[in-house]
Amino acid sequence: LAARGAEVTGIDMASASLEIAQLHSLETGVKVDYRCVSVETLAAEQPESFDVVTCMEMLEHVPDPASVISACAKLVKPGGKVFFSTLNRNLKAYLMGIVAAEYVLQWVPKGTHQYQRFLKPSELIKIADQAGLFTRSATGLHFDPFNQAFVLSDRNVDVNYILQCEKS
């Protein structure tokens, strides 16, 4: 988004991750305002300040996803969009997100994911609705081993999925 001219703010609670992101920004010449702050704090400081908020592959790592979802809703302007991506909670997601990704393929370190923190789309939709967000779509994201790429699917939300919401 920043490469296309948007003003982008990136946040993370891990300063090491932000340092890597800042190096990437310097290497690419793309300007991003990185901050080491929680989404809840940013929402309290800058309510209704953003046209779009993305919360990608984070909800399955936090102890209180409802707090994060609510903060994302507070950050976005009325009519603005919020995108969440996370892992579904079912056997297939467990096998792909933990067994395959952590133990077989070793894409991420062992212990990265905790199955009980995965969210079913229905659960995320309910929490988003309670935070004042209307769900526009749910899109699946799955790995195509033949093309070695991730692809979007309108039908398959079995493992990873992206929820597009709008604030009324």
# chains A, B, ... in the order shown; residues from 1 in each chain; ligands from 1

call {"tool": "residues_around", "arguments": {"residues": "range 138-146 of chain A", "least_positions_apart": "5", "cutoff": "10 Å", "atoms": "only C-alpha atoms", "output": "ChimeraX atom specification"}}
result
/A:83-88,96,121,125,151-165

call {"tool": "residues_around", "arguments": {"residues": "Glu166 in chain A", "least_positions_apart": "3", "cutoff": "9 Å", "atoms": "only C-alpha atoms", "output": "NGL selection string"}}
result
:A and (73 or 76 or 78-83 or 132-136)

call {"tool": "closest_residue", "arguments": {"among": "A:Val32, A:Cys55, A:Ser15, A:His24", "to": "Ala2 in chain A", "atoms": "only C-alpha atoms"}}
result
A:Val32

call {"tool": "atom_distance", "arguments": {"atom1": "CA of Gln106 in chain A", "atom2": "CA of Tyr94 in chain A"}}
result
14.5 Å
